[in-house]
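Shown here: work-v5.cif, mmCIF, C-alpha atoms and all ligand atoms.
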```cif
data_input
#
loop_
_atom_site.label_atom_id
_atom_site.label_comp_id
_atom_site.auth_asym_id
_atom_site.auth_seq_id
_atom_site.Cartn_x
_atom_site.Cartn_y
_atom_site.Cartn_z
CA MET A 1 -12.53 9.22 -21.82
CA PRO A 2 -9.43 6.97 -21.55
CA GLY A 3 -8.80 5.74 -18.02
CA ARG A 4 -6.05 7.34 -16.00
CA LEU A 5 -4.12 4.03 -15.99
CA GLN A 6 -4.90 3.01 -19.57
CA HIS A 7 -2.24 0.60 -20.94
CA ARG A 8 -0.48 0.57 -17.55
CA VAL A 9 0.39 -2.49 -15.51
CA ALA A 10 0.08 -2.34 -11.72
CA ILE A 11 1.04 -4.74 -8.94
CA ILE A 12 -0.84 -4.35 -5.67
CA THR A 13 0.39 -6.30 -2.63
CA GLY A 14 -2.15 -7.11 0.08
CA ALA A 15 -4.81 -6.93 -2.65
CA GLY A 16 -7.15 -9.32 -0.86
CA SER A 17 -8.51 -6.86 1.72
CA GLY A 18 -8.94 -3.23 2.75
CA ILE A 19 -6.94 -0.61 0.85
CA GLY A 20 -5.48 -3.19 -1.55
CA LEU A 21 -8.90 -4.56 -2.49
CA GLU A 22 -10.40 -1.13 -3.16
CA SER A 23 -7.30 -0.04 -5.09
CA ALA A 24 -7.41 -3.15 -7.29
CA ILE A 25 -11.02 -2.42 -8.26
CA LEU A 26 -10.33 1.28 -8.86
CA PHE A 27 -7.12 0.74 -10.85
CA ALA A 28 -8.92 -1.82 -13.04
CA SER A 29 -11.77 0.66 -13.61
CA GLU A 30 -9.14 3.18 -14.82
CA GLY A 31 -7.82 0.78 -17.45
CA ALA A 32 -4.88 -0.86 -15.67
CA SER A 33 -3.95 -4.52 -15.93
CA VAL A 34 -3.81 -5.40 -12.25
CA VAL A 35 -1.72 -8.05 -10.52
CA LEU A 36 -3.36 -9.05 -7.25
CA ALA A 37 -0.73 -10.30 -4.81
CA ASP A 38 -1.55 -11.56 -1.34
CA ILE A 39 -0.33 -14.17 1.14
CA ASN A 40 -4.01 -15.15 1.34
CA LEU A 41 -4.66 -16.61 -2.13
CA PRO A 42 -8.45 -17.21 -1.77
CA ALA A 43 -8.90 -13.55 -0.74
CA ALA A 44 -7.02 -12.32 -3.83
CA GLU A 45 -9.01 -14.71 -6.03
CA ARG A 46 -12.27 -13.30 -4.65
CA VAL A 47 -11.14 -9.79 -5.59
CA SER A 48 -10.23 -10.95 -9.08
CA LYS A 49 -13.75 -12.40 -9.51
CA LEU A 50 -15.28 -9.18 -8.25
CA ILE A 51 -13.26 -7.18 -10.79
CA ALA A 52 -14.38 -9.54 -13.58
CA GLU A 53 -18.02 -8.86 -12.63
CA LEU A 54 -17.60 -5.10 -12.34
CA HIS A 55 -15.20 -4.56 -15.27
CA PRO A 56 -15.47 -7.50 -17.70
CA ASN A 57 -12.71 -6.13 -19.97
CA ALA A 58 -10.18 -5.72 -17.17
CA GLN A 59 -7.14 -7.99 -17.14
CA THR A 60 -5.95 -9.44 -13.84
CA LEU A 61 -3.35 -11.89 -12.61
CA VAL A 62 -3.59 -13.43 -9.15
CA LYS A 63 -0.41 -14.39 -7.31
CA LYS A 64 0.12 -15.93 -3.89
CA SER A 65 3.02 -13.94 -2.55
CA ASP A 66 4.57 -13.30 0.85
CA VAL A 67 6.18 -9.89 0.56
CA GLY A 68 8.59 -10.79 3.35
CA LYS A 69 10.20 -13.43 1.12
CA GLU A 70 12.54 -12.05 -1.53
CA SER A 71 12.07 -15.06 -3.83
CA ASP A 72 8.27 -14.54 -3.78
CA VAL A 73 8.59 -10.85 -4.67
CA LYS A 74 11.07 -11.53 -7.47
CA ALA A 75 8.73 -14.19 -8.91
CA LEU A 76 5.80 -11.77 -8.60
CA VAL A 77 7.54 -9.10 -10.67
CA ASP A 78 9.00 -11.62 -13.15
CA ASP A 79 5.58 -13.21 -13.77
CA THR A 80 3.99 -9.79 -14.17
CA VAL A 81 6.47 -8.74 -16.85
CA ALA A 82 6.22 -12.16 -18.54
CA LYS A 83 2.41 -11.81 -18.81
CA PHE A 84 1.95 -8.09 -19.44
CA GLY A 85 5.34 -7.00 -20.84
CA ARG A 86 6.01 -4.19 -18.38
CA LEU A 87 5.46 -2.78 -14.87
CA ASP A 88 4.29 0.80 -14.40
CA VAL A 89 2.94 0.88 -10.84
CA MET A 90 4.15 -0.97 -7.76
CA PHE A 91 1.86 -0.47 -4.79
CA ASN A 92 3.72 -1.91 -1.79
CA ASN A 93 0.63 -1.94 0.38
CA ALA A 94 0.74 -5.22 2.34
CA GLY A 95 1.44 -4.78 6.03
CA ILE A 96 0.63 -6.23 9.41
CA MET A 97 -0.14 -4.86 12.87
CA HIS A 98 0.44 -7.87 15.11
CA PRO A 99 -1.93 -8.30 18.09
CA GLU A 100 1.08 -9.07 20.33
CA ASP A 101 2.95 -5.91 19.28
CA SER A 102 3.12 -3.79 22.42
CA THR A 103 5.44 -1.56 24.48
CA ALA A 104 9.24 -1.60 24.48
CA LEU A 105 9.03 -3.74 27.60
CA ASP A 106 6.45 -6.28 26.45
CA THR A 107 7.09 -6.85 22.73
CA GLU A 108 8.71 -10.21 21.99
CA GLU A 109 11.70 -10.07 19.65
CA SER A 110 9.98 -12.57 17.33
CA ILE A 111 7.03 -10.14 16.89
CA TRP A 112 9.45 -7.27 16.19
CA ASP A 113 11.30 -9.38 13.60
CA LEU A 114 8.10 -10.57 11.87
CA THR A 115 6.76 -7.01 11.67
CA MET A 116 10.02 -5.73 10.18
CA GLN A 117 10.21 -8.67 7.77
CA ILE A 118 6.82 -7.86 6.25
CA ASN A 119 6.43 -4.10 6.71
CA VAL A 120 10.01 -3.00 5.99
CA LYS A 121 11.77 -5.74 4.05
CA GLY A 122 8.57 -6.30 2.05
CA VAL A 123 8.69 -2.69 0.86
CA TRP A 124 12.42 -2.95 0.13
CA PHE A 125 12.00 -6.14 -1.93
CA GLY A 126 8.98 -4.71 -3.76
CA SER A 127 10.87 -1.51 -4.57
CA LYS A 128 14.02 -3.36 -5.63
CA TYR A 129 12.36 -5.62 -8.19
CA ALA A 130 10.02 -2.88 -9.38
CA ILE A 131 12.98 -0.58 -10.10
CA LEU A 132 14.75 -3.33 -12.06
CA ALA A 133 11.61 -3.94 -14.15
CA MET A 134 10.72 -0.25 -14.61
CA ARG A 135 14.17 0.49 -16.01
CA LYS A 136 13.40 -1.92 -18.85
CA ASN A 137 9.88 -0.69 -19.64
CA PRO A 138 9.36 -0.43 -23.41
CA THR A 139 8.54 3.06 -24.65
CA ASP A 140 5.36 3.59 -26.67
CA VAL A 141 4.78 7.31 -27.16
CA ALA A 142 1.34 6.86 -28.78
CA LYS A 143 0.12 5.05 -25.67
CA GLY A 144 1.89 7.43 -23.27
CA LEU A 145 4.17 4.63 -22.07
CA ARG A 146 7.82 5.15 -21.14
CA VAL A 147 10.72 3.92 -19.08
CA GLY A 148 10.16 4.39 -15.34
CA GLY A 149 7.06 4.21 -13.22
CA SER A 150 5.44 4.97 -9.89
CA ILE A 151 6.17 3.16 -6.63
CA ILE A 152 3.80 3.75 -3.73
CA ASN A 153 4.79 2.56 -0.27
CA THR A 154 2.17 2.42 2.46
CA ALA A 155 3.41 3.93 5.70
CA SER A 156 1.01 5.30 8.33
CA PHE A 157 0.16 8.40 10.32
CA VAL A 158 2.11 6.78 13.20
CA ALA A 159 5.26 7.38 11.14
CA VAL A 160 4.85 11.14 11.61
CA MET A 161 3.20 11.50 15.02
CA GLY A 162 3.38 9.60 18.28
CA ALA A 163 0.49 7.30 19.06
CA ALA A 164 -0.30 6.49 22.69
CA THR A 165 -1.34 2.98 21.63
CA PRO A 166 1.60 0.68 22.30
CA GLN A 167 2.62 -0.98 19.01
CA LEU A 168 6.33 -0.31 19.00
CA ALA A 169 7.37 -2.60 16.15
CA TYR A 170 4.58 -1.37 13.86
CA THR A 171 5.38 2.30 14.54
CA ALA A 172 9.11 1.76 13.99
CA SER A 173 8.42 -0.20 10.79
CA LYS A 174 6.30 2.59 9.32
CA GLY A 175 8.94 5.20 10.21
CA ALA A 176 11.41 3.05 8.28
CA VAL A 177 9.07 2.95 5.26
CA LEU A 178 8.88 6.74 5.24
CA ALA A 179 12.66 7.21 5.43
CA MET A 180 13.38 4.45 2.90
CA THR A 181 10.85 5.90 0.45
CA ARG A 182 12.41 9.34 0.59
CA GLU A 183 15.85 7.96 -0.21
CA LEU A 184 14.55 5.71 -3.01
CA ALA A 185 12.85 8.75 -4.51
CA MET A 186 16.06 10.77 -4.53
CA VAL A 187 18.30 8.00 -5.85
CA HIS A 188 15.99 7.06 -8.74
CA ALA A 189 14.46 10.45 -9.61
CA ARG A 190 16.50 10.84 -12.82
CA GLU A 191 15.37 7.45 -14.08
CA GLY A 192 11.72 8.52 -14.30
CA ILE A 193 10.85 6.44 -11.27
CA ARG A 194 8.72 8.28 -8.73
CA VAL A 195 8.52 6.91 -5.19
CA ASN A 196 6.00 8.25 -2.68
CA SER A 197 4.71 7.18 0.72
CA LEU A 198 1.01 6.94 1.40
CA CYS A 199 0.27 7.64 5.07
CA PRO A 200 -3.27 6.62 5.99
CA GLY A 201 -4.97 7.80 9.14
CA PRO A 202 -7.05 5.28 11.10
CA LEU A 203 -9.35 3.38 8.74
CA ARG A 204 -12.45 1.24 8.99
CA THR A 205 -10.65 -1.86 7.63
CA PRO A 206 -10.13 -5.30 9.25
CA LEU A 207 -6.51 -4.39 10.19
CA LEU A 208 -7.68 -1.75 12.67
CA MET A 209 -11.26 -2.78 13.43
CA ASP A 210 -10.17 -6.28 14.57
CA PHE A 211 -8.11 -4.43 17.16
CA LEU A 212 -10.68 -1.72 18.04
CA ASN A 213 -13.33 -4.30 18.80
CA THR A 214 -15.39 -2.40 21.38
CA GLU A 215 -17.29 0.89 21.14
CA GLU A 216 -15.22 2.24 24.03
CA LYS A 217 -11.96 1.57 22.17
CA ARG A 218 -13.33 3.16 18.99
CA GLN A 219 -14.62 6.25 20.82
CA ARG A 220 -11.21 6.75 22.47
CA ARG A 221 -9.78 7.24 18.96
CA LEU A 222 -12.68 9.05 17.34
CA VAL A 223 -12.34 11.96 19.75
CA HIS A 224 -8.99 12.79 18.08
CA LEU A 225 -10.34 12.78 14.55
CA PRO A 226 -11.40 16.23 13.33
CA MET A 227 -13.89 14.67 10.89
CA GLY A 228 -15.36 12.52 13.65
CA ARG A 229 -15.06 9.30 11.68
CA PHE A 230 -12.55 6.68 10.57
CA GLY A 231 -11.38 6.80 6.96
CA GLU A 232 -12.65 4.35 4.35
CA ALA A 233 -10.36 2.09 2.34
CA VAL A 234 -11.77 3.50 -0.91
CA GLU A 235 -10.63 7.00 0.15
CA LEU A 236 -7.07 5.66 0.30
CA ALA A 237 -7.53 3.86 -3.01
CA ARG A 238 -8.39 7.19 -4.64
CA SER A 239 -5.21 8.70 -3.20
CA ALA A 240 -3.18 5.71 -4.42
CA LEU A 241 -4.68 6.22 -7.90
CA PHE A 242 -3.51 9.85 -7.83
CA LEU A 243 0.04 8.77 -6.91
CA ALA A 244 -0.04 5.95 -9.48
CA SER A 245 -1.18 8.09 -12.40
CA ASP A 246 0.36 11.01 -14.28
CA ASP A 247 -1.87 13.33 -12.23
CA SER A 248 1.02 13.33 -9.73
CA SER A 249 3.79 13.50 -12.37
CA TYR A 250 5.78 16.18 -10.47
CA MET A 251 5.55 14.47 -7.09
CA THR A 252 8.23 12.24 -5.64
CA GLY A 253 9.56 11.64 -2.14
CA THR A 254 6.41 12.90 -0.43
CA ASP A 255 4.86 11.70 2.82
CA PHE A 256 1.34 11.78 1.39
CA LEU A 257 -0.91 12.07 4.44
CA VAL A 258 -4.54 11.02 4.02
CA ASP A 259 -5.67 11.20 7.60
CA GLY A 260 -8.84 13.30 7.89
CA GLY A 261 -6.80 16.15 9.40
CA LEU A 262 -5.55 14.09 12.34
CA SER A 263 -1.90 15.12 12.09
CA SER A 264 -2.78 18.84 11.95
CA CYS A 265 -5.10 18.81 14.89
CA TYR A 266 -5.01 19.67 18.59
CA VAL A 267 -8.16 18.22 20.09
CA THR A 268 -9.35 18.75 23.63
CA PRO A 269 -12.03 16.21 24.51
CA GLU A 270 -15.12 17.71 26.16
P1 LIG B 1 -5.97 -5.34 5.76
O1 LIG B 1 -5.56 -6.15 6.96
O2 LIG B 1 -7.41 -5.05 5.51
O3 LIG B 1 -5.34 -5.98 4.45
C1 LIG B 1 -3.98 -6.35 4.41
C2 LIG B 1 -3.78 -7.44 3.36
O4 LIG B 1 -2.39 -7.76 3.34
C3 LIG B 1 -4.53 -8.74 3.67
O5 LIG B 1 -5.24 -9.20 2.55
C4 LIG B 1 -3.42 -9.71 4.07
O6 LIG B 1 -3.69 -11.07 3.73
C5 LIG B 1 -2.25 -9.16 3.26
N1 LIG B 1 -0.95 -9.55 3.83
C6 LIG B 1 -0.58 -9.64 5.12
N2 LIG B 1 0.67 -10.08 5.21
C7 LIG B 1 1.12 -10.26 3.95
C8 LIG B 1 2.35 -10.69 3.40
N3 LIG B 1 3.38 -11.06 4.19
N4 LIG B 1 2.48 -10.76 2.06
C9 LIG B 1 1.45 -10.41 1.25
N5 LIG B 1 0.25 -10.00 1.71
C10 LIG B 1 0.10 -9.93 3.05
O7 LIG B 1 -5.13 -3.98 5.93
P2 LIG B 1 -5.39 -2.48 5.39
O8 LIG B 1 -6.06 -1.72 6.47
O9 LIG B 1 -5.94 -2.46 4.03
O10 LIG B 1 -3.87 -1.99 5.40
C11 LIG B 1 -3.10 -1.91 4.23
C12 LIG B 1 -1.85 -1.10 4.57
O11 LIG B 1 -2.23 0.15 5.13
C13 LIG B 1 -0.93 -1.77 5.59
O12 LIG B 1 0.42 -1.55 5.23
C14 LIG B 1 -1.24 -1.02 6.87
O13 LIG B 1 -0.18 -1.04 7.79
C15 LIG B 1 -1.53 0.36 6.34
N6 LIG B 1 -2.31 1.22 7.23
C16 LIG B 1 -3.56 0.87 7.61
C17 LIG B 1 -4.26 1.69 8.48
C18 LIG B 1 -5.64 1.31 8.98
O14 LIG B 1 -6.16 1.99 9.87
N7 LIG B 1 -6.27 0.27 8.45
C19 LIG B 1 -3.70 2.89 8.94
C20 LIG B 1 -2.43 3.23 8.51
C21 LIG B 1 -1.73 2.39 7.66
#
```
Any chance you could give the structure as structure tokens?
Ligand code: NAD
Amino acid sequence: MPGRLQHRVAIITGAGSGIGLESAILFASEGASVVLADINLPAAERVSKLIAELHPNAQTLVKKSDVGKESDVKALVDDTVAKFGRLDVMFNNAGIMHPEDSTALDTEESIWDLTMQINVKGVWFGSKYAILAMRKNPTDVAKGLRVGGSIINTASFVAVMGAATPQLAYTASKGAVLAMTRELAMVHAREGIRVNSLCPGPLRTPLLMDFLNTEEKRQRRLVHLPMGRFGEAVELARSALFLASDDSSYMTGTDFLVDGGLSSCYVTPE
């Protein structure tokens, strides 16, 4: 059976941890050449080694890249196309939730700006250079390759529902990702470029678990989760694979919620 991303080239930002790490492994297992981009180079290099052990035939490229810097993102896409000849999937996954992000009254402007720089501008830059590259993708009918591609932008459940946890900049940034993604999808739909948001619920990854560092804090959230557990990064990776591959060929502009039912639920704690 050919992999679902056979002959495809995918960039994953934030590939050194959590959702990005699991997606890199899964995309490689489905035949993709995977570009692992992260601000933390050693973390991305570890993932590349892991992929080489698990899938010896997989091709990877590791790039130190800060998605908040336009020059880094341009170089990331340019180097990808120089090495692999095309770009089919751009997974704009990197994001931060700053520990000093708080209420409207307590959040420093510098924290707001940093969060927007990475979470919003990072997605814009990633989308911009991906679109430019995808427009030039060589067509190879025998291999199922064509102009266009799939862009996946990671938002969050907090983009669609209010969270009582004060993290104003993060919440606003993810709302921006959702709105930006919808517009990108509409503007580029006729070019064969699909753009979808991936909205994870609360996950058992370092981003959230570093913050929910006591059982009491975790239980306060778990009571709202219909499934009674946090999501796993690999569950989001599987959803990203669906959006990346032709399995989702008629989907664009969606707010793809993978949240264990959280956003559909009215829970009354006992
Ligand atoms: P994570 O913290 O486990 O991994 C994030 C990775 O991004 C890290 O390897 C980090 O080094 C990298 N990174 C940070 N800043 C970067 C930058 N400027 N440039 C490039 N790389 C950078 O996080 P995760 O839980 O896998 O989250 C991935 C995405 O999912 C984020 O956008 C996050 O906001 C979103 N999300 C996570 C959750 C959750 O509960 N974990 C929920 C909803 C949405």
Which residue of A:Gly68, A:Gly126, A:Gly144, A:Pro99 approaches Arg4 (chain A) most closely, using all atoms listed in the file: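 Under the stated criterion, the closest residue is A:Gly144.
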Would you work out the distance separating atom O14 of ligand LIG 1 (chain B) from CA of Gly122 (chain A), expressed in Å to one decimal? 18.6 Å
Enumerate as a PyMOL selection string the residues within 7 Å of ligand LIG 1 (chain B), counting only C-alpha atoms and all ligand atoms. chain A and resi 13-20+37-40+43+65-68+93-97+118-119+154-157+199-208+233
Can you pull out every residue within 9 Å of region 162-179 of chain A, counting all atoms listed in the file, but drop anything in the same chain fewer than 4 positions away, and send it as JSON, numbers by chain? {"A": [96, 97, 98, 99, 100, 101, 102, 103, 104, 107, 111, 112, 113, 115, 116, 119, 120, 123, 124, 153, 154, 155, 156, 157, 158, 183, 184, 196, 197, 198, 199, 253, 254, 255]}
Find the residue from A:Glu53, A:Asp247, A:Glu191, A:Glu108 that sits nearest to Arg146 (chain A); use only C-alpha atoms when measuring.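 Comparing A:Glu53, A:Asp247, A:Glu191, A:Glu108 against Arg146 (chain A), the winner is A:Glu191.
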